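Visitor: This is input-v1.pdb (PDB, C-alpha atoms and all ligand atoms).
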ATOM      1  CA  MET A   1     -35.603   3.148   7.433
ATOM      2  CA  PRO A   2     -34.593   6.824   7.814
ATOM      3  CA  ALA A   3     -31.027   7.957   7.215
ATOM      4  CA  SER A   4     -28.664   8.039  10.197
ATOM      5  CA  VAL A   5     -25.025   8.760  11.077
ATOM      6  CA  LYS A   6     -22.957   6.936  13.709
ATOM      7  CA  LEU A   7     -19.529   7.918  15.043
ATOM      8  CA  LEU A   8     -17.327   4.980  16.039
ATOM      9  CA  ASP A   9     -14.326   5.520  18.302
ATOM     10  CA  GLY A  10     -10.927   3.941  17.883
ATOM     11  CA  ALA A  11      -8.665   2.387  20.526
ATOM     12  CA  ASP A  12      -7.703   5.847  21.839
ATOM     13  CA  GLY A  13     -11.358   6.779  22.345
ATOM     14  CA  SER A  14     -11.373   9.422  19.622
ATOM     15  CA  THR A  15     -13.656   9.235  16.625
ATOM     16  CA  GLU A  16     -12.036   6.861  14.212
ATOM     17  CA  ARG A  17     -14.707   6.471  11.585
ATOM     18  CA  VAL A  18     -18.167   7.570  10.577
ATOM     19  CA  VAL A  19     -20.880   5.167   9.442
ATOM     20  CA  LEU A  20     -23.553   6.666   7.209
ATOM     21  CA  CYS A  21     -26.809   4.718   6.865
ATOM     22  CA  GLY A  22     -29.299   5.485   4.124
ATOM     23  CA  PRO A  23     -32.656   4.133   3.001
ATOM     24  CA  ASP A  24     -33.031   0.540   1.736
ATOM     25  CA  GLY A  25     -30.031  -0.659   3.764
ATOM     26  CA  ALA A  26     -27.482   1.574   2.020
ATOM     27  CA  SER A  27     -24.391   2.368   4.058
ATOM     28  CA  ALA A  28     -20.947   3.927   3.817
ATOM     29  CA  GLU A  29     -17.999   4.008   6.185
ATOM     30  CA  VAL A  30     -15.329   6.717   6.298
ATOM     31  CA  TYR A  31     -12.120   6.599   8.318
ATOM     32  CA  LEU A  32     -10.993   9.995   9.589
ATOM     33  CA  TYR A  33      -7.514   8.721   8.737
ATOM     34  CA  GLY A  34      -7.067  10.007   5.230
ATOM     35  CA  ALA A  35     -10.843  10.673   5.010
ATOM     36  CA  THR A  36     -10.811   7.268   3.334
ATOM     37  CA  ILE A  37     -14.184   5.831   2.414
ATOM     38  CA  THR A  38     -13.702   2.111   3.102
ATOM     39  CA  SER A  39     -17.173   0.785   2.369
ATOM     40  CA  TRP A  40     -20.178   1.638   0.239
ATOM     41  CA  THR A  41     -23.046  -0.829   0.247
ATOM     42  CA  SER A  42     -26.046  -0.240  -2.002
ATOM     43  CA  ARG A  43     -28.827  -2.610  -3.045
ATOM     44  CA  GLY A  44     -27.290  -5.134  -0.661
ATOM     45  CA  VAL A  45     -23.936  -5.210  -2.498
ATOM     46  CA  GLU A  46     -20.547  -3.913  -1.294
ATOM     47  CA  ARG A  47     -19.359  -1.750  -4.197
ATOM     48  CA  LEU A  48     -15.834  -0.919  -3.011
ATOM     49  CA  PHE A  49     -12.781  -3.137  -2.626
ATOM     50  CA  VAL A  50     -10.536  -3.053   0.436
ATOM     51  CA  SER A  51      -7.662  -5.501   0.606
ATOM     52  CA  ALA A  52      -7.908  -8.147   3.317
ATOM     53  CA  GLN A  53      -4.327  -7.111   4.105
ATOM     54  CA  ALA A  54      -5.032  -3.374   4.267
ATOM     55  CA  LYS A  55      -3.638  -1.544   7.306
ATOM     56  CA  LEU A  56      -6.451   0.315   9.139
ATOM     57  CA  ASP A  57      -4.315   1.470  12.076
ATOM     58  CA  GLY A  58      -2.919   4.634  10.511
ATOM     59  CA  SER A  59       0.473   3.074   9.874
ATOM     60  CA  ARG A  60       0.149   3.438   6.093
ATOM     61  CA  PRO A  61      -2.424   4.522   3.499
ATOM     62  CA  ILE A  62      -5.478   2.276   3.443
ATOM     63  CA  ARG A  63      -5.216  -0.159   0.517
ATOM     64  CA  GLY A  64      -8.667   0.184  -0.936
ATOM     65  CA  GLY A  65     -11.906   2.128  -0.750
ATOM     66  CA  ILE A  66     -11.474   5.718  -1.967
ATOM     67  CA  PRO A  67      -8.116   7.118  -0.792
ATOM     68  CA  LEU A  68      -7.748  10.851  -1.477
ATOM     69  CA  VAL A  69      -4.766  11.980  -3.529
ATOM     70  CA  PHE A  70      -3.753  15.608  -2.812
ATOM     71  CA  PRO A  71      -1.708  17.778  -3.439
ATOM     72  CA  GLN A  72       0.415  15.467  -5.579
ATOM     73  CA  PHE A  73      -0.590  12.529  -7.803
ATOM     74  CA  GLY A  74       2.087   9.867  -8.093
ATOM     75  CA  PRO A  75       5.750  10.170  -7.045
ATOM     76  CA  GLY A  76       7.423  13.589  -6.600
ATOM     77  CA  GLU A  77       8.736  15.970  -3.960
ATOM     78  CA  LEU A  78       6.129  14.753  -1.474
ATOM     79  CA  PRO A  79       5.537  11.118  -0.540
ATOM     80  CA  GLN A  80       3.665   9.194  -3.256
ATOM     81  CA  HIS A  81       0.147  10.585  -3.800
ATOM     82  CA  GLY A  82       0.649  13.442  -1.331
ATOM     83  CA  PHE A  83      -0.231  13.805   2.347
ATOM     84  CA  ALA A  84      -4.082  13.974   2.364
ATOM     85  CA  ARG A  85      -4.526  10.187   2.553
ATOM     86  CA  THR A  86      -2.276   9.845   5.597
ATOM     87  CA  ARG A  87      -3.440  12.772   7.731
ATOM     88  CA  LYS A  88      -6.057  12.588  10.486
ATOM     89  CA  TRP A  89      -8.992  14.660   9.216
ATOM     90  CA  VAL A  90     -11.495  16.499  11.409
ATOM     91  CA  LEU A  91     -15.192  15.611  11.330
ATOM     92  CA  VAL A  92     -16.776  19.077  11.107
ATOM     93  CA  ASP A  93     -20.358  17.878  11.239
ATOM     94  CA  SER A  94     -22.675  15.191  10.005
ATOM     95  CA  GLU A  95     -26.375  14.999   9.516
ATOM     96  CA  ALA A  96     -29.149  12.707   8.432
ATOM     97  CA  ARG A  97     -31.804  14.539   6.460
ATOM     98  CA  GLY A  98     -34.655  12.539   4.948
ATOM     99  CA  VAL A  99     -33.173  10.130   2.438
ATOM    100  CA  SER A 100     -29.585  11.407   2.736
ATOM    101  CA  ALA A 101     -26.833  10.907   5.276
ATOM    102  CA  VAL A 102     -24.061  13.506   5.094
ATOM    103  CA  ALA A 103     -20.594  13.808   6.652
ATOM    104  CA  ASN A 104     -18.414  16.919   6.321
ATOM    105  CA  LEU A 105     -14.702  16.428   6.959
ATOM    106  CA  GLU A 106     -11.870  18.946   6.776
ATOM    107  CA  LEU A 107      -8.110  19.013   6.444
ATOM    108  CA  ARG A 108      -6.062  22.155   6.877
ATOM    109  CA  ASP A 109      -2.377  22.949   6.709
ATOM    110  CA  ASP A 110      -0.444  22.206   9.879
ATOM    111  CA  GLU A 111       3.153  22.522  10.972
ATOM    112  CA  ASP A 112       4.082  19.286   9.205
ATOM    113  CA  THR A 113       2.557  20.308   5.882
ATOM    114  CA  ARG A 114       3.985  23.830   6.237
ATOM    115  CA  ALA A 115       7.411  22.272   6.698
ATOM    116  CA  SER A 116       6.932  20.082   3.603
ATOM    117  CA  LYS A 117       7.796  20.785  -0.012
ATOM    118  CA  TRP A 118       4.191  21.984  -0.376
ATOM    119  CA  PRO A 119       4.078  24.579   2.464
ATOM    120  CA  TYR A 120       0.923  26.494   1.589
ATOM    121  CA  ALA A 121      -2.043  27.521   3.769
ATOM    122  CA  PHE A 122      -5.122  25.669   2.502
ATOM    123  CA  SER A 123      -8.461  24.215   3.475
ATOM    124  CA  LEU A 124      -9.758  20.963   2.013
ATOM    125  CA  ARG A 125     -13.410  20.316   2.833
ATOM    126  CA  TYR A 126     -14.802  16.897   1.907
ATOM    127  CA  THR A 127     -18.551  16.304   1.767
ATOM    128  CA  ILE A 128     -19.754  12.709   1.538
ATOM    129  CA  THR A 129     -23.444  12.156   0.856
ATOM    130  CA  LEU A 130     -25.180   8.774   0.817
ATOM    131  CA  THR A 131     -28.615   7.911  -0.521
ATOM    132  CA  ALA A 132     -30.200   4.551  -1.358
ATOM    133  CA  THR A 133     -28.356   4.247  -4.681
ATOM    134  CA  THR A 134     -25.764   7.042  -4.775
ATOM    135  CA  LEU A 135     -22.553   8.093  -3.061
ATOM    136  CA  SER A 136     -21.319  11.618  -3.615
ATOM    137  CA  ALA A 137     -17.736  12.615  -2.722
ATOM    138  CA  ILE A 138     -17.031  16.303  -3.247
ATOM    139  CA  MET A 139     -13.822  18.098  -2.291
ATOM    140  CA  LYS A 140     -13.626  21.877  -1.906
ATOM    141  CA  ILE A 141     -10.004  23.033  -2.089
ATOM    142  CA  GLU A 142      -9.412  26.626  -0.954
ATOM    143  CA  ASN A 143      -6.236  28.712  -1.092
ATOM    144  CA  PHE A 144      -5.780  30.400   2.295
ATOM    145  CA  ASP A 145      -2.243  31.493   1.436
ATOM    146  CA  ASP A 146      -1.012  34.871   0.167
ATOM    147  CA  ARG A 147       0.714  33.044  -2.714
ATOM    148  CA  GLU A 148      -0.824  31.071  -5.527
ATOM    149  CA  PHE A 149      -0.303  27.317  -5.374
ATOM    150  CA  SER A 150      -0.604  24.410  -7.792
ATOM    151  CA  PHE A 151      -1.659  20.830  -7.100
ATOM    152  CA  THR A 152      -2.977  17.655  -8.636
ATOM    153  CA  ALA A 153      -5.845  15.777  -6.997
ATOM    154  CA  LEU A 154      -7.670  12.484  -7.503
ATOM    155  CA  GLN A 155     -10.067  10.093  -5.816
ATOM    156  CA  HIS A 156      -8.359   6.712  -6.013
ATOM    157  CA  THR A 157     -11.493   4.555  -6.175
ATOM    158  CA  TYR A 158     -11.061   0.782  -5.802
ATOM    159  CA  PHE A 159     -14.187  -0.906  -7.191
ATOM    160  CA  ARG A 160     -15.007  -4.416  -6.018
ATOM    161  CA  VAL A 161     -15.845  -6.765  -8.910
ATOM    162  CA  ALA A 162     -16.803 -10.444  -8.989
ATOM    163  CA  ASP A 163     -14.219 -11.199 -11.696
ATOM    164  CA  ILE A 164     -11.796  -8.841 -13.464
ATOM    165  CA  ALA A 165     -12.029 -11.136 -16.522
ATOM    166  CA  THR A 166     -15.640 -10.112 -17.109
ATOM    167  CA  THR A 167     -15.342  -6.494 -15.978
ATOM    168  CA  THR A 168     -15.795  -3.647 -18.475
ATOM    169  CA  VAL A 169     -15.244   0.106 -18.279
ATOM    170  CA  THR A 170     -17.274   2.149 -20.757
ATOM    171  CA  GLY A 171     -17.010   5.831 -21.664
ATOM    172  CA  LEU A 172     -13.276   5.985 -22.377
ATOM    173  CA  ASP A 173     -13.493   5.557 -26.169
ATOM    174  CA  GLY A 174     -11.930   8.469 -28.033
ATOM    175  CA  ALA A 175      -9.884   9.587 -25.013
ATOM    176  CA  VAL A 176      -6.101   9.920 -25.301
ATOM    177  CA  TYR A 177      -4.045   8.188 -22.636
ATOM    178  CA  ALA A 178      -0.557   7.851 -21.262
ATOM    179  CA  ASP A 179       0.328   4.212 -20.638
ATOM    180  CA  LYS A 180       2.661   3.926 -17.630
ATOM    181  CA  VAL A 181       3.180   0.193 -18.166
ATOM    182  CA  ARG A 182       4.198   0.381 -21.836
ATOM    183  CA  GLY A 183       5.828   3.805 -21.495
ATOM    184  CA  THR A 184       3.776   5.369 -24.294
ATOM    185  CA  THR A 185       1.790   8.612 -24.552
ATOM    186  CA  GLY A 186      -0.739  10.010 -26.992
ATOM    187  CA  THR A 187      -2.602   6.743 -27.684
ATOM    188  CA  THR A 188      -6.304   7.005 -28.448
ATOM    189  CA  GLU A 189      -8.631   4.507 -26.790
ATOM    190  CA  ARG A 190     -10.643   2.871 -29.546
ATOM    191  CA  ARG A 191     -12.670   0.412 -27.452
ATOM    192  CA  ALA A 192     -16.212   1.244 -26.382
ATOM    193  CA  GLN A 193     -15.803  -1.342 -23.632
ATOM    194  CA  VAL A 194     -12.365  -1.388 -22.028
ATOM    195  CA  THR A 195     -11.326  -4.689 -20.454
ATOM    196  CA  VAL A 196      -8.252  -5.632 -18.408
ATOM    197  CA  ALA A 197      -6.180  -8.775 -18.874
ATOM    198  CA  GLY A 198      -2.880  -7.734 -17.306
ATOM    199  CA  ASN A 199      -1.123  -4.951 -15.391
ATOM    200  CA  GLU A 200      -2.664  -1.674 -16.555
ATOM    201  CA  ASP A 201      -1.765   1.824 -15.388
ATOM    202  CA  ARG A 202      -3.209   4.476 -17.684
ATOM    203  CA  VAL A 203      -3.955   8.177 -17.374
ATOM    204  CA  TYR A 204      -6.795   9.162 -19.724
ATOM    205  CA  ALA A 205      -6.860  12.964 -20.114
ATOM    206  CA  ASP A 206      -9.895  15.187 -20.695
ATOM    207  CA  VAL A 207     -12.452  12.388 -20.711
ATOM    208  CA  PRO A 208     -15.962  13.727 -21.358
ATOM    209  CA  GLY A 209     -19.197  12.210 -20.094
ATOM    210  CA  THR A 210     -20.127   9.403 -17.750
ATOM    211  CA  ILE A 211     -17.960   6.360 -17.083
ATOM    212  CA  THR A 212     -19.546   3.024 -16.174
ATOM    213  CA  VAL A 213     -17.842   0.138 -14.382
ATOM    214  CA  GLY A 214     -19.708  -3.134 -14.899
ATOM    215  CA  CYS A 215     -19.342  -6.803 -14.000
ATOM    216  CA  GLY A 216     -22.239  -9.193 -14.546
ATOM    217  CA  LYS A 217     -25.400  -7.381 -13.541
ATOM    218  CA  HIS A 218     -23.630  -4.973 -11.202
ATOM    219  CA  ARG A 219     -22.906  -1.558 -12.660
ATOM    220  CA  VAL A 220     -21.801   1.770 -11.168
ATOM    221  CA  ARG A 221     -21.955   5.057 -13.078
ATOM    222  CA  ILE A 222     -19.304   7.692 -12.390
ATOM    223  CA  GLN A 223     -20.228  11.347 -12.964
ATOM    224  CA  ARG A 224     -17.477  13.884 -12.358
ATOM    225  CA  PHE A 225     -17.156  17.526 -11.409
ATOM    226  CA  ASN A 226     -13.952  19.336 -12.414
ATOM    227  CA  PHE A 227     -12.191  15.964 -12.534
ATOM    228  CA  LYS A 228     -11.609  15.656 -16.287
ATOM    229  CA  ASP A 229      -9.067  12.838 -16.131
ATOM    230  CA  ILE A 230      -9.506   9.133 -15.419
ATOM    231  CA  VAL A 231      -6.790   6.788 -14.157
ATOM    232  CA  LEU A 232      -7.302   3.073 -14.839
ATOM    233  CA  TRP A 233      -5.230   0.681 -12.734
ATOM    234  CA  ASN A 234      -4.971  -2.995 -12.019
ATOM    235  CA  PRO A 235      -1.671  -4.347 -10.614
ATOM    236  CA  TRP A 236      -2.227  -7.882 -11.928
ATOM    237  CA  ALA A 237      -0.227 -10.801 -10.553
ATOM    238  CA  ASP A 238       3.360  -9.492 -10.584
ATOM    239  CA  LYS A 239       2.669  -6.097  -8.992
ATOM    240  CA  SER A 240       0.224  -7.699  -6.524
ATOM    241  CA  ALA A 241       3.010  -9.974  -5.280
ATOM    242  CA  GLU A 242       5.158  -6.891  -4.629
ATOM    243  CA  MET A 243       2.576  -5.198  -2.368
ATOM    244  CA  SER A 244       2.635  -6.376   1.269
ATOM    245  CA  ASP A 245      -0.824  -4.885   1.932
ATOM    246  CA  PHE A 246      -2.467  -6.581  -1.048
ATOM    247  CA  GLY A 247      -3.226 -10.274  -1.544
ATOM    248  CA  ASP A 248      -1.472 -12.048  -4.407
ATOM    249  CA  SER A 249      -4.771 -12.907  -6.124
ATOM    250  CA  GLU A 250      -6.822  -9.863  -5.073
ATOM    251  CA  TYR A 251      -6.248  -8.271  -8.480
ATOM    252  CA  LYS A 252      -8.945 -10.645  -9.735
ATOM    253  CA  THR A 253     -11.680  -8.905  -7.718
ATOM    254  CA  MET A 254     -10.868  -5.219  -8.045
ATOM    255  CA  ILE A 255     -10.349  -2.448 -10.565
ATOM    256  CA  CYS A 256      -9.313   1.144  -9.922
ATOM    257  CA  VAL A 257     -11.168   3.748 -11.980
ATOM    258  CA  GLU A 258     -10.012   7.039 -10.533
ATOM    259  CA  PRO A 259     -11.409  10.487 -11.385
ATOM    260  CA  GLY A 260      -8.996  13.352 -10.932
ATOM    261  CA  ALA A 261      -7.239  16.471 -12.134
ATOM    262  CA  VAL A 262      -3.818  14.931 -12.761
ATOM    263  CA  ALA A 263      -2.848  15.360 -16.450
ATOM    264  CA  LYS A 264      -1.905  18.913 -15.623
ATOM    265  CA  PRO A 265      -1.748  20.802 -12.330
ATOM    266  CA  VAL A 266      -4.520  23.108 -11.092
ATOM    267  CA  THR A 267      -3.442  26.565  -9.887
ATOM    268  CA  LEU A 268      -5.426  28.536  -7.313
ATOM    269  CA  ARG A 269      -4.719  32.177  -6.537
ATOM    270  CA  PRO A 270      -5.102  33.428  -2.958
ATOM    271  CA  ALA A 271      -8.736  33.087  -1.767
ATOM    272  CA  GLN A 272      -9.640  31.084  -4.879
ATOM    273  CA  MET A 273     -11.257  27.673  -4.466
ATOM    274  CA  LEU A 274     -12.156  24.654  -6.568
ATOM    275  CA  SER A 275     -14.952  22.136  -6.019
ATOM    276  CA  CYS A 276     -14.208  18.752  -7.539
ATOM    277  CA  GLY A 277     -15.273  15.161  -7.105
ATOM    278  CA  GLN A 278     -17.589  12.401  -8.219
ATOM    279  CA  LEU A 279     -21.118  11.096  -7.940
ATOM    280  CA  LEU A 280     -21.340   7.288  -7.963
ATOM    281  CA  THR A 281     -24.722   5.801  -8.903
ATOM    282  CA  VAL A 282     -25.709   2.140  -8.792
ATOM    283  CA  ASP A 283     -27.226   1.141 -12.126
ATOM    284  CA  ASP A 284     -27.545  -2.646 -11.886
ATOM    285  CA  ALA A 285     -28.978  -4.467 -14.869
ATOM    286  CA  ALA A 286     -32.366  -6.021 -14.413
ATOM    287  CA  ASP A 287     -32.193  -9.807 -14.649
ATOM    288  CA  ALA A 288     -34.090  -9.582 -17.912
ATOM    289  CA  GLU A 289     -31.234  -7.558 -19.448
ATOM    290  CA  LEU A 290     -28.664 -10.327 -18.974
TER     291      LEU A 290
HETATM  292  O1  LIG A 301      -3.456   5.183  -9.611
HETATM  293  C1  LIG A 301      -2.490   4.345 -10.128
HETATM  294  C2  LIG A 301      -1.224   4.465  -9.309
HETATM  295  O2  LIG A 301      -0.638   5.731  -9.461
HETATM  296  C3  LIG A 301      -0.293   3.337  -9.726
HETATM  297  O3  LIG A 301       0.839   3.832 -10.408
HETATM  298  C4  LIG A 301       0.063   2.663  -8.402
HETATM  299  O4  LIG A 301       1.203   3.254  -7.847
HETATM  300  C5  LIG A 301      -1.216   2.946  -7.594
HETATM  301  O5  LIG A 301      -1.518   4.287  -7.907
HETATM  302  C6  LIG A 301      -1.119   2.662  -6.115
HETATM  303  O6  LIG A 301      -0.262   3.595  -5.508
HETATM  304  P1  LIG A 301       0.019   3.416  -3.899
HETATM  305  O7  LIG A 301       0.941   4.526  -3.540
HETATM  306  O8  LIG A 301      -1.323   3.524  -3.210
HETATM  307  O9  LIG A 301       0.593   2.046  -3.741
END
What does the file become when written as structure tokens?
Ligand code: TA6
Guide:
Amino acid sequence: MPASVKLLDGADGSTERVVLCGPDGASAEVYLYGATITSWTSRGVERLFVSAQAKLDGSRPIRGGIPLVFPQFGPGELPQHGFARTRKWVLVDSEARGVSAVANLELRDDEDTRASKWPYAFSLRYTITLTATTLSAIMKIENFDDREFSFTALQHTYFRVADIATTTVTGLDGAVYADKVRGTTGTTERRAQVTVAGNEDRVYADVPGTITVGCGKHRVRIQRFNFKDIVLWNPWADKSAEMSDFGDSEYKTMICVEPGAVAKPVTLRPAQMLSCGQLLTVDDAADAEL
């Protein structure tokens, strides 16, 4: 089946989300609100997690999928994780070409952002490309101001897993991380296969190579472009109970493995730009491998 792109309108009649369809039944769904990818299905399996209690009406950031964090990771002068994930983005164009479905979205400064603590003129283009077994999410951040500006950025990917107890993350061994739960910094990850058995909130800096998230036979490879850092997060039971848009036991079927530039800010001079993002590839084990 050839690739296709559908625009779906919201209650107000304006385009609310874009559905990309690729070969072999692959699909992805992107809300213009926050340019949040809320679904990625490949090889018949939904690869992303969205909470059953997530708000999809624009009243708060979508709890799940791939929220975009820009221009601030974490708490700070702006609201947590910055404004990109709560703005209405513009669909610039979309196209289905052969085996790929593509959507180009854009966010620019507006009077609200110019009145914020991060008042700079900028353009943030976001290109999402779907094929049968890959999802590419590439941001192009451009400084349209006459001043340099600094930012941190991240793609807050929520992976859907069958069981957190049998989920592994590989590729982090040797990386140094800050542990926001234990309040430590400078710890080196020694495990080739990282597992999660409680609340984890870690920022691994300067991680080389490919990261793989696996559970049972389902595996997704993460390749990154100018996103050297990886955040690993699972709220576990206590933090889950504190989140109104997250089910108390949903921590058992999700893990956040988030590529970004967050360990230190990126600075762009006027007219300078940075392309950054990730390529997700399905790499399921053959039955014989299990
Ligand atoms: O990426 C990990 C993290 O920074 C955690 O500290 C936690 O706050 C998570 O993001 C979710 O943040 P949110 O603002 O979406 O509730």
Visitor: Given the PyMOL selection byres (((chain A and resi 223-232) around 9) and not hetatm) and the file above, list the residues it selects as an MDAnalysis selection string.
Guide: chainID A and resid 138 153:154 156 172 200:212 221:222 233:234 255:263 274:281
Visitor: Near Ser150 of chain A, counting only C-alpha atoms, which residues have an atom at most 10 Å away, once you skip same-chain residues fewer than 5 positions from it, shown as a ChimeraX atom specification?
Guide: /A:71-72,118,120,143,264-269
Visitor: Quick one, how far is atom CA of Arg97 of chain A from atom CA of Ser123 of chain A?
Guide: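 Interatomic distance here is 25.4 Å.
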Visitor: Check which residues satisfy the PyMOL selection byres (((chain A and resi 23) around 6) and not hetatm) in the file shown, then give them as a list in words.
Guide: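 Output from the PyMOL selection byres (((chain A and resi 23) around 6) and not hetatm), applied to this file: Met1, Pro2, Ala3, Gly22, Asp24, Gly25, Ala26 and Ala132 of chain A.
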Visitor: Next, write the just-selected residues to a file, as an mmCIF file, keeping the file's coordinate frame, keeping C-alpha atoms as the atom set.
Guide:
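Printed below is part_11.cif as written:
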data_model
loop_
_atom_site.group_PDB
_atom_site.id
_atom_site.type_symbol
_atom_site.label_atom_id
_atom_site.label_comp_id
_atom_site.auth_asym_id
_atom_site.auth_seq_id
_atom_site.Cartn_x
_atom_site.Cartn_y
_atom_site.Cartn_z
ATOM 1 C CA MET A 1 -35.603 3.148 7.433
ATOM 2 C CA PRO A 2 -34.593 6.824 7.814
ATOM 3 C CA ALA A 3 -31.027 7.957 7.215
ATOM 4 C CA GLY A 22 -29.299 5.485 4.124
ATOM 5 C CA ASP A 24 -33.031 0.540 1.736
ATOM 6 C CA GLY A 25 -30.031 -0.659 3.764
ATOM 7 C CA ALA A 26 -27.482 1.574 2.020
ATOM 8 C CA ALA A 132 -30.200 4.551 -1.358
#
Visitor: Between atom CA of Val220 of chain A and atom CA of Asp284 of chain A, what is the spacing in Å?
Guide: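 Answer for the atom CA of Asp284 of chain A to atom CA of Val220 of chain A separation: 7.3 Å.
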Visitor: Applied to the shown file, which residues does the PyMOL selection byres (((chain A and resi 34-48) around 7) and not hetatm) return, written as number ranges by chain?
Guide: A: 25-33, 49-50, 64-68, 84-89, 132-133, 158-160
Visitor: Based on the selection just made, write C-alpha atoms of those residues as a PDB file, keeping the file's coordinate frame.
Guide:
ATOM      1  CA  GLY A  25     -30.031  -0.659   3.764  1.00  0.00           C
ATOM      2  CA  ALA A  26     -27.482   1.574   2.020  1.00  0.00           C
ATOM      3  CA  SER A  27     -24.391   2.368   4.058  1.00  0.00           C
ATOM      4  CA  ALA A  28     -20.947   3.927   3.817  1.00  0.00           C
ATOM      5  CA  GLU A  29     -17.999   4.008   6.185  1.00  0.00           C
ATOM      6  CA  VAL A  30     -15.329   6.717   6.298  1.00  0.00           C
ATOM      7  CA  TYR A  31     -12.120   6.599   8.318  1.00  0.00           C
ATOM      8  CA  LEU A  32     -10.993   9.995   9.589  1.00  0.00           C
ATOM      9  CA  TYR A  33      -7.514   8.721   8.737  1.00  0.00           C
ATOM     10  CA  PHE A  49     -12.781  -3.137  -2.626  1.00  0.00           C
ATOM     11  CA  VAL A  50     -10.536  -3.053   0.436  1.00  0.00           C
ATOM     12  CA  GLY A  64      -8.667   0.184  -0.936  1.00  0.00           C
ATOM     13  CA  GLY A  65     -11.906   2.128  -0.750  1.00  0.00           C
ATOM     14  CA  ILE A  66     -11.474   5.718  -1.967  1.00  0.00           C
ATOM     15  CA  PRO A  67      -8.116   7.118  -0.792  1.00  0.00           C
ATOM     16  CA  LEU A  68      -7.748  10.851  -1.477  1.00  0.00           C
ATOM     17  CA  ALA A  84      -4.082  13.974   2.364  1.00  0.00           C
ATOM     18  CA  ARG A  85      -4.526  10.187   2.553  1.00  0.00           C
ATOM     19  CA  THR A  86      -2.276   9.845   5.597  1.00  0.00           C
ATOM     20  CA  ARG A  87      -3.440  12.772   7.731  1.00  0.00           C
ATOM     21  CA  LYS A  88      -6.057  12.588  10.486  1.00  0.00           C
ATOM     22  CA  TRP A  89      -8.992  14.660   9.216  1.00  0.00           C
ATOM     23  CA  ALA A 132     -30.200   4.551  -1.358  1.00  0.00           C
ATOM     24  CA  THR A 133     -28.356   4.247  -4.681  1.00  0.00           C
ATOM     25  CA  TYR A 158     -11.061   0.782  -5.802  1.00  0.00           C
ATOM     26  CA  PHE A 159     -14.187  -0.906  -7.191  1.00  0.00           C
ATOM     27  CA  ARG A 160     -15.007  -4.416  -6.018  1.00  0.00           C
TER      28      ARG A 160
END
Visitor: Please compute the atom CA of Asp12 of chain A-atom CA of Ala121 of chain A distance, one decimal, in Å.
Guide: 28.8 Å
Visitor: With distances taken over only C-alpha atoms and all ligand atoms, which of A:Gly76, A:Pro61, A:Ala286, A:Thr152 is nearest to ligand LIG 301 (chain A)?
Guide: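 Closest residue, counting only C-alpha atoms and all ligand atoms: A:Pro61.
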